[in-house]
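**Q** Got a structure here, written out as structure tokens. Questions coming.
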Amino acid sequence: MTALNTPYTDTPLRQHFGDRRGEFQATNDTWTEKAPTKSKKTRYLVIGALILAILIGVGVALGVVLSKKNSSSSSSSSSVVNETDSNDPSSFEKDSRLKQSFYGIAYTPAGSQYPACGNSLDDVITDIQLLSQLTTRIRLYGADCNQSALVLEAIEQTKVNMSVVIANYPIATDDGAAYERQALVIEDALTTYGTLFAILQLRTDNIIGVTVGNEFILDYLDDNGATDPNSDVGNTGAEILLGFINDTKTMLSNMSISLQVGNADAGSYFNDLVLEDVDYGMANVHPWFANVSVDDAAGWTWLFFQDNDVELAESLSNNPSMSIAETGWPTNSTDAGNESNGPSTATEANLQTFLDTFVCQANANGTEYYFFEAFDEVWKLEEFGGVEGYWGLFYSNKTLKDITIPDCSS
Ligand SMILES: *[C@@H]1O[C@H](CO)[C@@H](O)[C@H](O)[C@H]1NC(C)=O
Ligand SMILES: *[C@@H]1O[C@H](CO)[C@@H](O)[C@H](O)[C@H]1NC(C)=O
Ligand SMILES: *[C@@H]1O[C@H](CO)[C@@H](O)[C@H](O)[C@H]1NC(C)=O
Ligand SMILES: *[C@@H]1O[C@H](CO)[C@@H](O)[C@H](O)[C@H]1NC(C)=O
Ligand SMILES: *[C@@H]1O[C@H](CO)[C@@H](O)[C@H](O)[C@H]1NC(C)=O
Ligand SMILES: *[C@@H]1O[C@H](CO)[C@@H](O)[C@H](O)[C@H]1NC(C)=O
Ligand SMILES: *[C@@H]1O[C@H](CO)[C@@H](O)[C@H](O)[C@H]1NC(C)=O
Ligand SMILES: *[C@@H]1O[C@H](CO)[C@@H](O)[C@H](O)[C@H]1NC(C)=O
Ligand SMILES: *[C@@H]1O[C@H](CO)[C@@H](O)[C@H](O)[C@H]1NC(C)=O
Ligand SMILES: *[C@@H]1O[C@H](CO)[C@@H](O)[C@H](O)[C@H]1NC(C)=O
């Protein structure tokens, strides 16, 4: 395989997302109904009225629930993040091992796979307390299970300096069901967390952009036996994706929100028509999957990104800005066969080497990247095996791996 048609990608996510045709049920919950003109003020009034009704109706029950919630949140998070005031998520102790050295970090809250879900605001708050000590930017992959709102709420409560790339992770084979389901919750989150700026004008200062599509073209080509993103097959997939991108732009414009709209794909799988239609592209660049040795990994990643993505973007009329959407190094494998990529192994020592050779150097030369990733992901190791679940800076229990975080400003 030549560099240009090798995905160097982390996860065959289509195995997870591609096989649930018919599971989606349109929901009539008021929570997911489109309400583009609802202002934050209106929402607060509604929420206020609801809270008043609950207080009058079941005041005692509410008191019990709230006190339970507080005690469980302070005890469950005390091992990784200590809050000096258990009622105030913004009053947490900094961990001296963590340095705010990363341009950005890739993050998925645990329990955000539809339809299982199971994430929680308490957990996301702990994650944001930790991640805010490493970076000021995170990227999400999708919007299922309310993750955009949870992250924005956690940022508000922790009062940290954190911006987020929110995302819609559509699939090509479900007639837009996954796209639509996520578009509705994104719209709702933007309505709630946008700051009312002027009449009907929402400001979304800590939202970097909305990414539509994650490895969409790569998956489309794989599913249809093709490899060239700009082939007829690639363009057919692009047409589906362009429909979703168009819908997101229309949704934002309907809401009078001015936000960048982008796309993420494997670093050599961008379709030109897609990239020409977005403000930014985010490229997955994985030395591990390209069988590069860890000693060459940082330089290879940078060069691959320049040659395949930065140059492509410069050749397009809209000149989209490009970042590395994922790069990192795994530390473990479920099986011996996947422990090595040929020249190097999946170990914490090798993650350390990649951290030491990539992070501060990339900061210094202005490369925008989202380090892959925040936490080990249990669902991936269960579903895919191999190294898939073991890319975190932290284990899934939120303990820092045996690594030293580089110390440089981003
Ligand atoms: C939290 O506090 C406990 C008790 O003082 C201490 O042992 C632990 O190291 C602290 N954890 C962090 C992450 O600072
Ligand atoms: C917050 O982070 C951004 C970079 O994401 C930086 O430009 C800004 O100065 C930071 N703000 C504060 C108050 O530190
Ligand atoms: C989504 O999360 C936000 C922030 O925690 C919360 O206010 C809202 O009720 C949640 N929605 C659902 C349906 O869980
Ligand atoms: C979406 O597509 C329609 C039909 O092609 C077009 O008229 C419209 O301008 C597009 N909207 C955006 C925001 O690109
Ligand atoms: C945008 O607004 C138009 C006019 O109200 C409406 O027909 C359309 O469905 C809206 N589109 C989206 C994506 O919200
Ligand atoms: C990496 O090596 C494995 C086997 O060691 C092979 O299956 C795979 O195709 C190689 N990948 C690339 C991109 O060369
Ligand atoms: C930018 O940083 C990368 C590594 O992080 C390095 O490999 C590359 O040589 C640097 N490029 C320049 C032009 O300094
Ligand atoms: C490494 O992977 C093995 C097999 O999945 C697992 O049993 C072990 O707990 C993992 N170790 C760490 C530190 O994650
Ligand atoms: C690596 O793991 C995958 C499952 O994730 C498995 O299908 C494959 O056989 C493993 N490769 C090797 C070389 O053991
Ligand atoms: C977290 O997980 C790691 C890896 O499995 C383990 O070594 C460590 O003891 C765990 N920490 C806690 C506090 O459970």
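Residue numbering restarts at 1 in every chain; chains get A, B, ... in the order shown in the structure tokens, and ligands count up from 1 in that same order.
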Can you list every residue of chain A that has an atom at most 8 Å from ligand 5, with its nearest atom pair and the distance in Å to one decimal, using only C-alpha atoms and all ligand atoms, ordered by chain then number, as CSV?
**A**
residue,atom,partner,partner_atom_place_in_ligand_line,distance
A:Lys34,CA,ligand 5,14 (O),7.7
A:Pro36,CA,ligand 5,14 (O),7.5
A:Asp247,CA,ligand 5,13 (C),4.7
A:Thr248,CA,ligand 5,13 (C),6.1
A:Lys249,CA,ligand 5,13 (C),7.5
A:Thr250,CA,ligand 5,13 (C),4.9
A:Met251,CA,ligand 5,14 (O),3.9
A:Leu252,CA,ligand 5,14 (O),7.4
A:Ser253,CA,ligand 5,1 (C),7.6
A:Asn254,CA,ligand 5,1 (C),5.0
A:Met255,CA,ligand 5,14 (O),7.9
**Q** When you look at Gln100 of chain A with a cut-off of 7 Å (counting only C-alpha atoms), what residues show up, excluding the ones that are within fewer than 2 positions of it in the same chain? I need them as a PyMOL selection string.
**A** chain A and resi 98+102+133-135+409
**Q** For chain A versus ligand 9, which residues have an atom no more than 9 Å away, and what is each residue's nearest atom pair and distance in Å rounded to one decimal, using only C-alpha atoms and all ligand atoms, chain-then-number order, as a tab-separated table?
**A**
residue	atom	partner	partner_atom_place_in_ligand_line	distance
A:Ser333	CA	ligand 9	2 (O)	8.4
A:Thr334	CA	ligand 9	2 (O)	7.9
A:Asp335	CA	ligand 9	14 (O)	6.6
A:Ala336	CA	ligand 9	14 (O)	6.6
A:Gly337	CA	ligand 9	14 (O)	3.3
A:Asn338	CA	ligand 9	1 (C)	4.6
A:Glu339	CA	ligand 9	14 (O)	8.2
A:Ser340	CA	ligand 9	13 (C)	8.5
A:Asn341	CA	ligand 9	13 (C)	8.8
A:Leu381	CA	ligand 9	5 (O)	8.1
A:Glu383	CA	ligand 9	5 (O)	8.2
A:Phe384	CA	ligand 9	5 (O)	4.6
A:Gly385	CA	ligand 9	5 (O)	4.1
A:Gly386	CA	ligand 9	2 (O)	4.1
A:Val387	CA	ligand 9	5 (O)	7.2
A:Glu388	CA	ligand 9	5 (O)	7.1
**Q** Output the selection as a CSV table (one decimal), in the first residue's frame - C-alpha atoms for each residue.
**A**
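Resulting contents of part36.csv:
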chain,number,residue,atom,x,y,z
A,333,SER,CA,-3.1,-4.5,23.8
A,334,THR,CA,-5.7,-7.1,24.6
A,335,ASP,CA,-3.6,-9.7,22.6
A,336,ALA,CA,0.0,-10.5,22.0
A,337,GLY,CA,-0.5,-10.3,18.2
A,338,ASN,CA,-1.3,-6.6,18.3
A,339,GLU,CA,1.3,-5.6,20.9
A,340,SER,CA,3.8,-4.5,18.2
A,341,ASN,CA,3.3,-2.6,14.9
A,381,LEU,CA,-11.3,-2.7,24.0
A,383,GLU,CA,-15.7,-4.2,21.0
A,384,PHE,CA,-12.5,-4.1,18.9
A,385,GLY,CA,-9.7,-5.5,21.0
A,386,GLY,CA,-6.1,-5.1,20.1
A,387,VAL,CA,-4.7,-1.6,21.0
A,388,GLU,CA,-8.0,0.2,20.3
**Q** Throw together the list of residues within 10 Å of ligand 7, counting only C-alpha atoms and all ligand atoms, and drop it here as a list in words.
**A** Asp296, Ala297, Ala298, Gly299, Trp300, Thr301, Trp302, Leu303, Gln306, Phe354, Leu355, Asp356, Thr357, Phe358, Val359, Cys360, Gln361, Ala362, Asn363, Ala364, Asn365, Gly366, Thr367 and Tyr369 of chain A
**Q** Take the residues from that selection and put them in a file with C-alpha atoms, as a PDB file, in the first residue's frame.
**A**
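Result file out_8.pdb:
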ATOM      1  CA  ASP A 296      10.576   8.272  13.819  1.00  0.00           C
ATOM      2  CA  ALA A 297       6.948   8.826  14.813  1.00  0.00           C
ATOM      3  CA  ALA A 298       6.948  12.563  15.559  1.00  0.00           C
ATOM      4  CA  GLY A 299       8.787  13.553  12.392  1.00  0.00           C
ATOM      5  CA  TRP A 300       6.732  11.158  10.274  1.00  0.00           C
ATOM      6  CA  THR A 301       3.463  12.527  11.667  1.00  0.00           C
ATOM      7  CA  TRP A 302       4.414  16.102  10.941  1.00  0.00           C
ATOM      8  CA  LEU A 303       5.638  15.345   7.411  1.00  0.00           C
ATOM      9  CA  GLN A 306       2.207  18.564   5.656  1.00  0.00           C
ATOM     10  CA  PHE A 354       6.210  10.198  21.411  1.00  0.00           C
ATOM     11  CA  LEU A 355       5.154  12.822  23.971  1.00  0.00           C
ATOM     12  CA  ASP A 356       8.772  13.952  24.373  1.00  0.00           C
ATOM     13  CA  THR A 357       9.389  14.240  20.640  1.00  0.00           C
ATOM     14  CA  PHE A 358       6.064  15.548  19.354  1.00  0.00           C
ATOM     15  CA  VAL A 359       4.205  17.838  21.768  1.00  0.00           C
ATOM     16  CA  CYS A 360       6.506  20.794  22.472  1.00  0.00           C
ATOM     17  CA  GLN A 361       8.068  20.637  18.999  1.00  0.00           C
ATOM     18  CA  ALA A 362       4.639  20.787  17.336  1.00  0.00           C
ATOM     19  CA  ASN A 363       3.634  23.682  19.608  1.00  0.00           C
ATOM     20  CA  ALA A 364       6.811  25.520  18.693  1.00  0.00           C
ATOM     21  CA  ASN A 365       6.158  25.257  14.974  1.00  0.00           C
ATOM     22  CA  GLY A 366       2.479  26.100  15.141  1.00  0.00           C
ATOM     23  CA  THR A 367       1.045  22.696  14.249  1.00  0.00           C
ATOM     24  CA  TYR A 369      -3.234  18.938  16.835  1.00  0.00           C
TER      25      TYR A 369
END
**Q** What's around Ser163 of chain A at 12 Å? Count only C-alpha atoms, leave out sequence neighbours fewer than 4 positions away in its own chain, and write the answer as a compact mmCIF listing (two decimals) with N, CA, C and O atoms, in the first residue's frame.
**A**
# COMPACT_ATOMS: atom_id res chain seq x y z
N TYR A 103 -1.75 21.37 22.60
CA TYR A 103 -2.62 22.27 21.81
C TYR A 103 -4.07 21.87 22.04
O TYR A 103 -4.92 22.72 22.32
N GLY A 104 -4.37 20.58 21.90
CA GLY A 104 -5.72 20.08 22.13
C GLY A 104 -5.68 18.60 22.43
O GLY A 104 -4.65 17.94 22.24
N ILE A 105 -6.79 18.08 22.93
CA ILE A 105 -6.87 16.65 23.27
C ILE A 105 -8.21 16.09 22.76
O ILE A 105 -9.25 16.75 22.87
N ILE A 128 -13.24 17.14 32.89
CA ILE A 128 -12.89 18.50 32.49
C ILE A 128 -11.93 19.12 33.50
O ILE A 128 -11.00 19.86 33.13
N LEU A 131 -8.65 17.51 32.35
CA LEU A 131 -8.19 17.93 31.02
C LEU A 131 -7.82 19.42 30.98
O LEU A 131 -6.92 19.81 30.23
N SER A 132 -8.49 20.23 31.81
CA SER A 132 -8.19 21.66 31.80
C SER A 132 -6.79 21.93 32.34
O SER A 132 -6.25 23.02 32.14
N THR A 135 -4.75 21.16 28.74
CA THR A 135 -5.02 21.86 27.48
C THR A 135 -6.14 22.87 27.65
O THR A 135 -6.86 22.85 28.67
N THR A 136 -6.31 23.73 26.65
CA THR A 136 -7.46 24.63 26.64
C THR A 136 -8.43 24.27 25.53
O THR A 136 -9.38 25.02 25.27
N ARG A 137 -8.18 23.15 24.85
CA ARG A 137 -9.06 22.75 23.73
C ARG A 137 -9.31 21.24 23.75
O ARG A 137 -8.37 20.47 23.89
N ILE A 138 -10.55 20.87 23.57
CA ILE A 138 -10.86 19.45 23.37
C ILE A 138 -11.73 19.30 22.14
O ILE A 138 -12.41 20.24 21.71
N ARG A 139 -11.67 18.09 21.56
CA ARG A 139 -12.58 17.80 20.45
C ARG A 139 -13.42 16.59 20.80
O ARG A 139 -12.94 15.62 21.37
N LEU A 140 -14.71 16.68 20.45
CA LEU A 140 -15.61 15.54 20.57
C LEU A 140 -15.74 14.89 19.20
O LEU A 140 -15.35 15.47 18.18
N SER A 148 -22.57 16.85 24.14
CA SER A 148 -22.18 18.26 23.94
C SER A 148 -22.66 19.12 25.12
O SER A 148 -21.91 19.95 25.63
N VAL A 151 -20.62 18.43 28.34
CA VAL A 151 -19.30 19.05 28.31
C VAL A 151 -19.42 20.57 28.52
O VAL A 151 -18.67 21.16 29.32
N LEU A 152 -20.37 21.19 27.86
CA LEU A 152 -20.52 22.64 27.99
C LEU A 152 -20.97 23.00 29.42
O LEU A 152 -20.52 24.00 29.99
N ALA A 154 -20.24 21.22 32.10
CA ALA A 154 -19.08 20.98 32.96
C ALA A 154 -18.08 22.14 32.87
O ALA A 154 -17.50 22.55 33.88
N ILE A 155 -17.91 22.68 31.67
CA ILE A 155 -17.00 23.83 31.51
C ILE A 155 -17.55 25.03 32.29
O ILE A 155 -16.82 25.75 32.97
N GLU A 156 -18.88 25.21 32.21
CA GLU A 156 -19.50 26.33 32.93
C GLU A 156 -19.31 26.17 34.44
O GLU A 156 -18.93 27.11 35.14
N LYS A 159 -15.64 26.47 35.55
CA LYS A 159 -15.11 27.81 35.23
C LYS A 159 -13.70 27.75 34.66
O LYS A 159 -12.89 28.66 34.89
N THR A 204 -21.27 32.00 20.90
CA THR A 204 -20.81 30.70 21.37
C THR A 204 -19.29 30.74 21.47
O THR A 204 -18.59 30.08 20.73
N ASP A 205 -18.81 31.56 22.39
CA ASP A 205 -17.39 31.88 22.45
C ASP A 205 -16.47 30.69 22.68
O ASP A 205 -15.36 30.68 22.21
N ASN A 206 -16.93 29.71 23.49
CA ASN A 206 -16.02 28.60 23.75
C ASN A 206 -16.30 27.38 22.88
O ASN A 206 -15.89 26.28 23.19
N ILE A 207 -17.00 27.61 21.77
CA ILE A 207 -17.16 26.53 20.79
C ILE A 207 -16.30 26.87 19.57
O ILE A 207 -16.46 27.92 18.94
N ILE A 208 -15.33 25.98 19.28
CA ILE A 208 -14.38 26.24 18.20
C ILE A 208 -15.05 26.04 16.85
O ILE A 208 -14.78 26.76 15.88
N GLY A 209 -15.92 25.05 16.77
CA GLY A 209 -16.59 24.77 15.51
C GLY A 209 -17.45 23.52 15.65
O GLY A 209 -17.48 22.90 16.72
N VAL A 210 -18.16 23.21 14.57
CA VAL A 210 -18.98 22.00 14.53
C VAL A 210 -18.43 21.11 13.42
O VAL A 210 -18.44 21.49 12.25
